[in-house]
Amino acid sequence: MAAATEVEMGLERCAYARVGLLGNPSDVYNGKALSFTIADFSATVRLRPSPELLIQPHPHHDLVAFPSLPHLVSRLQSEGYYGGVRLLMAICKVFYNHCIQNNISLKAENFTLSYDTNIPRQAGLSGSSAIVCAALNCLLDFYDVRHLIKVELRPNLILDAEKELGIVAGLQDRVAQVYGGLVYMDFSKEQMDKLGHGIYRPLDVNLLPPLYLIYAENPSDSGKVHSTVRQRWLNGDEFIISCMKEVAQLALDGHRALLQKDYTQLARLMNRNFDLRREMFGDDVLGSVNIKMVEVARSVGVSSKFTGSGGAVVALCPDGEAQAELLHKACQEAGFVVQQIKVAPSVLSDEELTSLSIC
């Protein structure tokens with residue numbers, strides 16, 4: 001519960017970018033995933049009481065004034081049509097409807113929502129869901145209903161808000177951002193049907209080895225990646241179903257490898273995860289720049305895979321710092337940004353963590 005003075009002065013909540021370490025994209029197909037949040041990039045949402053309810057556009061991401069028509073067209077070609085305002089509106093609607101449907105009373109007070117983010121766009125780091133997650137946390141505390149909405153169900157609300165906008169995604173990203181830190185997830189159909197959510201297990205972030213983030217400054221659109229494979233899976237395509245099961249198994253095997261700190265095995269699993277994705281989706285869908293990031297890393301013996309659907313890569317140097325130096329050089333020569341990842345800790349309170357253990 002937020003202190004009364006904090007609510008009166010305004011709330012500020014943040015959600016971190018997400019890295020899918022293993023198992024993606026099987027989360028969309030009743031699979032398993034191993035993901036963590038990174039402290040390097042985050043979205044921040046601010047909520048302050050106000051006479052009217054106002055969703056405040058971002059001065060850069062929701063730009064509506066331009067010097068000229070060519071500037072407008074150039075902007076749309078590089079940034080697309082959508083900023084964060086629609087995300088804030090969607091989570092407000094989904095949050096309100098959830099509370100009404102579950103007899104959760106909300107005080108009759110208004111607010112102003114604004115946001116900021118430094119998560120690179122279309123980089124497969126879950127920038128959109130980070131904005132939605134941070135906004136949900138503001139709403140939970142402004143209305144003092146955090147204790148009435150289970151932690152396990154909050155990712156569903158975030159995903160529902162994005163579905164309102166036609167965003168194609170799975171629960172993995174939202175779980176990672178709601179929980180923070182390192183999380184193992186099981187989205188088996190049996191559990192989803194029985195509980196309405198998967199089984200989520202927070203893990204010690206210190207189990208992770210040093211990892212690196214590689215990304216392109218002109219990434220591909222991550223919103224189109226699941227489309228054709230999803231339809232084939234629904235149609236019962238045996239190849240896709242078999243591959244997705246293997247991808248899910250990689251997350252389970254990776255969970256075991258982390259507990260044993262077997263980073264050689266972890267490196268092998270990461271490579272296999274990307275190879276399976278490439279077999280299922282094909283090079284045309286993955287995009288040449290995205291594939292090149294993986295190939296540049298592998299050219300110096302570094303294991304690598306997409307953090308999400310494309311735009312960024314997570315890399316593991318099994319041979320240590322000397323190999324990391326080779327990775328930096330190779331990426332620099334190829335025109336990619338590379339940096340060591342700082343893993344964000346869990347964001348759940350002690351009370352919320354305790355509630356997980358008794359569910």
# chains A, B, ... in the order shown; residues from 1 in each chain; ligands from 1
$ residues_around --residues "Ile104 of chain A" --least-positions-apart "5" --cutoff "8 Å" --atoms "only C-alpha atoms" --output "list in words"
Cys99, Val145 and Leu148 of chain A
$ write_last_selection --atoms "N, CA, C and O atoms" --output "PDB file, in the first residue's frame"
ATOM      1  N   CYS A  99     -11.803  -4.892 -12.244  1.00  0.00           N
ATOM      2  CA  CYS A  99     -12.285  -4.555 -10.905  1.00  0.00           C
ATOM      3  C   CYS A  99     -13.808  -4.652 -10.827  1.00  0.00           C
ATOM      4  O   CYS A  99     -14.359  -5.181  -9.848  1.00  0.00           O
ATOM      5  N   VAL A 145      -5.517  -1.337  -4.236  1.00  0.00           N
ATOM      6  CA  VAL A 145      -6.125  -2.656  -4.464  1.00  0.00           C
ATOM      7  C   VAL A 145      -5.067  -3.719  -4.804  1.00  0.00           C
ATOM      8  O   VAL A 145      -5.408  -4.801  -5.280  1.00  0.00           O
ATOM      9  N   LEU A 148      -5.729  -7.086  -3.604  1.00  0.00           N
ATOM     10  CA  LEU A 148      -6.947  -7.726  -4.108  1.00  0.00           C
ATOM     11  C   LEU A 148      -6.772  -8.343  -5.502  1.00  0.00           C
ATOM     12  O   LEU A 148      -7.676  -9.020  -5.987  1.00  0.00           O
TER      13      LEU A 148
END
$ closest_atom_pairs --of "segment 167-206 of chain A" --to "segment 38-45 of chain A" --cutoff "12 Å" --atoms "only C-alpha atoms" --output "CSV"
residue,atom,partner,partner_atom,distance
A:Ala176,CA,A:Ile38,CA,10.1
A:Gln177,CA,A:Ile38,CA,9.6
A:Gly180,CA,A:Ile38,CA,8.6
A:Gly181,CA,A:Ile38,CA,7.8
A:Leu182,CA,A:Ile38,CA,9.6
A:Val205,CA,A:Ile38,CA,10.7
$ select_by_dssp --residues "segment 168-228 of chain A" --states "alpha helix (DSSP H)" --output "ChimeraX atom specification"
/A:172-179,189-195,227-228
$ select_by_dssp --residues "segment 61-149 of chain A" --states "strand (DSSP E)" --output "MDAnalysis selection string"
chainID A and resid 111:117
$ write_last_selection --atoms "C-alpha atoms" --output "PDB file, in the first residue's frame"
ATOM      1  CA  PHE A 111      -5.664  11.290 -12.113  1.00  0.00           C
ATOM      2  CA  THR A 112      -3.156  12.253 -14.784  1.00  0.00           C
ATOM      3  CA  LEU A 113      -0.912   9.569 -16.271  1.00  0.00           C
ATOM      4  CA  SER A 114       2.381  10.315 -18.030  1.00  0.00           C
ATOM      5  CA  TYR A 115       5.275   8.111 -19.047  1.00  0.00           C
ATOM      6  CA  ASP A 116       8.872   7.991 -20.166  1.00  0.00           C
ATOM      7  CA  THR A 117      11.051   5.169 -21.473  1.00  0.00           C
TER       8      THR A 117
END
$ closest_atom_pairs --of "segment 121-196 of chain A" --to "segment 286-304 of chain A" --cutoff "12 Å" --atoms "only C-alpha atoms" --output "Markdown table"
| residue | atom | partner | partner_atom | distance |
| --- | --- | --- | --- | --- |
| A:Gln122 | CA | A:Asn290 | CA | 11.5 |
| A:Ala123 | CA | A:Asn290 | CA | 9.7 |
| A:Gly124 | CA | A:Asn290 | CA | 10.5 |
$ closest_residue --among "A:Glu246, A:Glu109, A:Asp27, A:Asp319" --to "Pro209 of chain A" --atoms "only C-alpha atoms"
A:Asp319
$ residues_around --residues "Leu153 of chain A" --least-positions-apart "4" --cutoff "10 Å" --atoms "only C-alpha atoms" --output "PyMOL selection string"
chain A and resi 149+157-158+175+178+195-198
$ residues_around --residues "His61 of chain A" --least-positions-apart "5" --cutoff "12 Å" --atoms "only C-alpha atoms" --output "ChimeraX atom specification"
/A:56,75-76,78-86,114-121,128
$ residues_around --residues "Asp186 of chain A" --least-positions-apart "3" --cutoff "10 Å" --atoms "only C-alpha atoms" --output "count of residues only"
20
$ atom_distance --atom1 "atom CA of Thr264 of chain A" --atom2 "atom CA of Asn206 of chain A"
16.6 Å
$ closest_residue --among "A:Asp173, A:Tyr212, A:Val347, A:Val285" --to "Thr228 of chain A" --atoms "only C-alpha atoms"
A:Val285
$ residues_around --residues "Phe306 of chain A" --least-positions-apart "4" --cutoff "9 Å" --atoms "only C-alpha atoms" --output "list in words"
Val19, Gly20, Leu21, Asn24, Gly124, Asn273, Phe274, Asn290, Val294, Gly310, Gly311, Ala312, Val313, Val314 and Ala315 of chain A
$ write_last_selection --atoms "N, CA, C and O atoms" --output "mmCIF file, in the first residue's frame"
data_model
loop_
_atom_site.group_PDB
_atom_site.id
_atom_site.type_symbol
_atom_site.label_atom_id
_atom_site.label_comp_id
_atom_site.auth_asym_id
_atom_site.auth_seq_id
_atom_site.Cartn_x
_atom_site.Cartn_y
_atom_site.Cartn_z
ATOM 1 N N VAL A 19 14.576 -9.838 -21.027
ATOM 2 C CA VAL A 19 15.373 -10.697 -21.911
ATOM 3 C C VAL A 19 14.846 -12.120 -21.789
ATOM 4 O O VAL A 19 14.794 -12.673 -20.687
ATOM 5 N N GLY A 20 14.438 -12.694 -22.918
ATOM 6 C CA GLY A 20 14.045 -14.097 -22.935
ATOM 7 C C GLY A 20 15.303 -14.947 -23.075
ATOM 8 O O GLY A 20 15.933 -14.954 -24.131
ATOM 9 N N LEU A 21 15.667 -15.642 -22.004
ATOM 10 C CA LEU A 21 16.908 -16.418 -22.031
ATOM 11 C C LEU A 21 16.718 -17.745 -22.749
ATOM 12 O O LEU A 21 17.545 -18.146 -23.569
ATOM 13 N N ASN A 24 11.537 -19.022 -25.443
ATOM 14 C CA ASN A 24 10.702 -18.228 -26.340
ATOM 15 C C ASN A 24 10.883 -18.709 -27.783
ATOM 16 O O ASN A 24 11.994 -19.084 -28.158
ATOM 17 N N GLY A 124 12.825 -6.087 -29.364
ATOM 18 C CA GLY A 124 12.551 -7.368 -28.730
ATOM 19 C C GLY A 124 12.841 -7.366 -27.245
ATOM 20 O O GLY A 124 13.158 -8.397 -26.657
ATOM 21 N N ASN A 273 18.128 -22.931 -29.152
ATOM 22 C CA ASN A 273 16.883 -22.167 -29.140
ATOM 23 C C ASN A 273 16.782 -21.298 -30.404
ATOM 24 O O ASN A 273 15.742 -21.261 -31.079
ATOM 25 N N PHE A 274 17.875 -20.622 -30.725
ATOM 26 C CA PHE A 274 17.844 -19.791 -31.941
ATOM 27 C C PHE A 274 17.718 -20.648 -33.192
ATOM 28 O O PHE A 274 16.971 -20.302 -34.117
ATOM 29 N N ASN A 290 18.872 -9.093 -37.972
ATOM 30 C CA ASN A 290 18.753 -9.895 -36.754
ATOM 31 C C ASN A 290 19.625 -11.146 -36.823
ATOM 32 O O ASN A 290 20.299 -11.507 -35.850
ATOM 33 N N VAL A 294 23.385 -12.518 -34.543
ATOM 34 C CA VAL A 294 23.680 -13.844 -34.003
ATOM 35 C C VAL A 294 24.945 -14.406 -34.637
ATOM 36 O O VAL A 294 25.819 -14.952 -33.951
ATOM 37 N N GLY A 310 13.240 -10.450 -32.101
ATOM 38 C CA GLY A 310 14.217 -9.864 -33.004
ATOM 39 C C GLY A 310 14.503 -8.432 -32.615
ATOM 40 O O GLY A 310 13.735 -7.801 -31.887
ATOM 41 N N GLY A 311 15.625 -7.907 -33.093
ATOM 42 C CA GLY A 311 16.019 -6.548 -32.762
ATOM 43 C C GLY A 311 17.129 -6.492 -31.748
ATOM 44 O O GLY A 311 17.887 -5.521 -31.693
ATOM 45 N N ALA A 312 17.264 -7.520 -30.916
ATOM 46 C CA ALA A 312 18.335 -7.600 -29.921
ATOM 47 C C ALA A 312 18.670 -9.064 -29.660
ATOM 48 O O ALA A 312 17.840 -9.957 -29.859
ATOM 49 N N VAL A 313 19.891 -9.278 -29.211
ATOM 50 C CA VAL A 313 20.421 -10.626 -28.980
ATOM 51 C C VAL A 313 21.040 -10.689 -27.598
ATOM 52 O O VAL A 313 21.688 -9.729 -27.147
ATOM 53 N N VAL A 314 20.835 -11.793 -26.892
ATOM 54 C CA VAL A 314 21.516 -12.050 -25.629
ATOM 55 C C VAL A 314 22.645 -13.033 -25.903
ATOM 56 O O VAL A 314 22.464 -14.010 -26.637
ATOM 57 N N ALA A 315 23.820 -12.748 -25.359
ATOM 58 C CA ALA A 315 25.007 -13.537 -25.674
ATOM 59 C C ALA A 315 25.720 -13.999 -24.412
ATOM 60 O O ALA A 315 25.765 -13.287 -23.402
#
$ closest_residue --among "A:Glu190, A:Leu22, A:Ala216, A:Leu87" --to "Pro57 of chain A" --atoms "only C-alpha atoms"
A:Leu87
$ decode --residues "segment 192-277 of chain A" --atoms "C-alpha atoms" --output "PDB file, in the first residue's frame"
ATOM      1  CA  MET A 192      -3.550 -22.430 -17.612  1.00  0.00           C
ATOM      2  CA  ASP A 193      -7.007 -24.022 -17.765  1.00  0.00           C
ATOM      3  CA  LYS A 194      -7.031 -24.923 -14.077  1.00  0.00           C
ATOM      4  CA  LEU A 195      -5.568 -21.753 -12.561  1.00  0.00           C
ATOM      5  CA  GLY A 196      -6.059 -19.123 -15.237  1.00  0.00           C
ATOM      6  CA  HIS A 197      -2.315 -18.562 -15.238  1.00  0.00           C
ATOM      7  CA  GLY A 198       0.924 -20.518 -15.422  1.00  0.00           C
ATOM      8  CA  ILE A 199       3.314 -21.669 -12.714  1.00  0.00           C
ATOM      9  CA  TYR A 200       5.922 -18.965 -12.080  1.00  0.00           C
ATOM     10  CA  ARG A 201       9.037 -19.533  -9.986  1.00  0.00           C
ATOM     11  CA  PRO A 202      11.307 -16.614  -9.053  1.00  0.00           C
ATOM     12  CA  LEU A 203      14.985 -17.639  -9.041  1.00  0.00           C
ATOM     13  CA  ASP A 204      18.168 -16.166  -7.585  1.00  0.00           C
ATOM     14  CA  VAL A 205      19.632 -13.755 -10.148  1.00  0.00           C
ATOM     15  CA  ASN A 206      23.107 -14.770  -8.973  1.00  0.00           C
ATOM     16  CA  LEU A 207      22.612 -18.076 -10.799  1.00  0.00           C
ATOM     17  CA  LEU A 208      23.151 -16.232 -14.072  1.00  0.00           C
ATOM     18  CA  PRO A 209      26.600 -16.008 -15.682  1.00  0.00           C
ATOM     19  CA  PRO A 210      27.844 -12.736 -17.216  1.00  0.00           C
ATOM     20  CA  LEU A 211      25.654 -12.020 -20.234  1.00  0.00           C
ATOM     21  CA  TYR A 212      25.823  -9.445 -23.014  1.00  0.00           C
ATOM     22  CA  LEU A 213      23.201  -7.533 -24.957  1.00  0.00           C
ATOM     23  CA  ILE A 214      23.683  -6.882 -28.662  1.00  0.00           C
ATOM     24  CA  TYR A 215      21.275  -4.704 -30.582  1.00  0.00           C
ATOM     25  CA  ALA A 216      20.966  -2.864 -33.854  1.00  0.00           C
ATOM     26  CA  GLU A 217      20.186   0.815 -33.976  1.00  0.00           C
ATOM     27  CA  ASN A 218      17.697   0.193 -36.806  1.00  0.00           C
ATOM     28  CA  PRO A 219      15.892  -2.956 -35.597  1.00  0.00           C
ATOM     29  CA  SER A 220      13.130  -4.935 -37.284  1.00  0.00           C
ATOM     30  CA  ASP A 221       9.482  -4.867 -36.275  1.00  0.00           C
ATOM     31  CA  SER A 222       9.010  -7.530 -33.563  1.00  0.00           C
ATOM     32  CA  GLY A 223       5.207  -7.372 -33.800  1.00  0.00           C
ATOM     33  CA  LYS A 224       4.903  -9.521 -36.936  1.00  0.00           C
ATOM     34  CA  VAL A 225       7.066 -12.489 -36.039  1.00  0.00           C
ATOM     35  CA  HIS A 226       4.551 -14.970 -34.578  1.00  0.00           C
ATOM     36  CA  SER A 227       1.922 -14.701 -37.318  1.00  0.00           C
ATOM     37  CA  THR A 228       2.463 -17.551 -39.828  1.00  0.00           C
ATOM     38  CA  VAL A 229       3.837 -20.029 -37.302  1.00  0.00           C
ATOM     39  CA  ARG A 230       0.847 -19.476 -35.043  1.00  0.00           C
ATOM     40  CA  GLN A 231      -1.567 -20.460 -37.794  1.00  0.00           C
ATOM     41  CA  ARG A 232       0.455 -23.557 -38.662  1.00  0.00           C
ATOM     42  CA  TRP A 233       0.454 -24.583 -35.005  1.00  0.00           C
ATOM     43  CA  LEU A 234      -3.322 -24.115 -34.821  1.00  0.00           C
ATOM     44  CA  ASN A 235      -3.660 -26.207 -37.978  1.00  0.00           C
ATOM     45  CA  GLY A 236      -1.817 -29.093 -36.297  1.00  0.00           C
ATOM     46  CA  ASP A 237       1.431 -28.810 -38.277  1.00  0.00           C
ATOM     47  CA  GLU A 238       3.526 -31.663 -36.813  1.00  0.00           C
ATOM     48  CA  PHE A 239       6.855 -29.947 -37.521  1.00  0.00           C
ATOM     49  CA  ILE A 240       5.865 -26.746 -35.689  1.00  0.00           C
ATOM     50  CA  ILE A 241       4.315 -28.654 -32.781  1.00  0.00           C
ATOM     51  CA  SER A 242       7.437 -30.804 -32.408  1.00  0.00           C
ATOM     52  CA  CYS A 243       9.763 -27.797 -32.568  1.00  0.00           C
ATOM     53  CA  MET A 244       7.746 -25.862 -29.998  1.00  0.00           C
ATOM     54  CA  LYS A 245       7.869 -28.801 -27.605  1.00  0.00           C
ATOM     55  CA  GLU A 246      11.647 -28.928 -27.980  1.00  0.00           C
ATOM     56  CA  VAL A 247      11.920 -25.160 -27.424  1.00  0.00           C
ATOM     57  CA  ALA A 248       9.874 -25.526 -24.227  1.00  0.00           C
ATOM     58  CA  GLN A 249      12.129 -28.360 -23.075  1.00  0.00           C
ATOM     59  CA  LEU A 250      15.147 -26.077 -23.531  1.00  0.00           C
ATOM     60  CA  ALA A 251      13.747 -23.796 -20.811  1.00  0.00           C
ATOM     61  CA  LEU A 252      13.345 -26.719 -18.416  1.00  0.00           C
ATOM     62  CA  ASP A 253      16.861 -27.948 -19.206  1.00  0.00           C
ATOM     63  CA  GLY A 254      18.151 -24.407 -18.800  1.00  0.00           C
ATOM     64  CA  HIS A 255      16.523 -24.145 -15.383  1.00  0.00           C
ATOM     65  CA  ARG A 256      18.462 -27.244 -14.320  1.00  0.00           C
ATOM     66  CA  ALA A 257      21.677 -25.950 -15.894  1.00  0.00           C
ATOM     67  CA  LEU A 258      21.390 -22.681 -13.964  1.00  0.00           C
ATOM     68  CA  LEU A 259      20.799 -24.461 -10.658  1.00  0.00           C
ATOM     69  CA  GLN A 260      23.979 -26.466 -11.335  1.00  0.00           C
ATOM     70  CA  LYS A 261      25.782 -23.426 -12.785  1.00  0.00           C
ATOM     71  CA  ASP A 262      26.548 -25.521 -15.856  1.00  0.00           C
ATOM     72  CA  TYR A 263      27.179 -22.642 -18.232  1.00  0.00           C
ATOM     73  CA  THR A 264      28.599 -24.846 -20.978  1.00  0.00           C
ATOM     74  CA  GLN A 265      25.229 -26.573 -21.168  1.00  0.00           C
ATOM     75  CA  LEU A 266      23.442 -23.222 -20.955  1.00  0.00           C
ATOM     76  CA  ALA A 267      25.442 -21.961 -23.945  1.00  0.00           C
ATOM     77  CA  ARG A 268      24.498 -25.014 -25.980  1.00  0.00           C
ATOM     78  CA  LEU A 269      20.818 -24.589 -25.116  1.00  0.00           C
ATOM     79  CA  MET A 270      20.849 -20.925 -26.141  1.00  0.00           C
ATOM     80  CA  ASN A 271      22.275 -21.775 -29.547  1.00  0.00           C
ATOM     81  CA  ARG A 272      19.731 -24.525 -30.059  1.00  0.00           C
ATOM     82  CA  ASN A 273      16.883 -22.167 -29.140  1.00  0.00           C
ATOM     83  CA  PHE A 274      17.844 -19.791 -31.941  1.00  0.00           C
ATOM     84  CA  ASP A 275      18.409 -22.609 -34.435  1.00  0.00           C
ATOM     85  CA  LEU A 276      14.911 -23.959 -33.806  1.00  0.00           C
ATOM     86  CA  ARG A 277      13.381 -20.512 -34.189  1.00  0.00           C
TER      87      ARG A 277
END
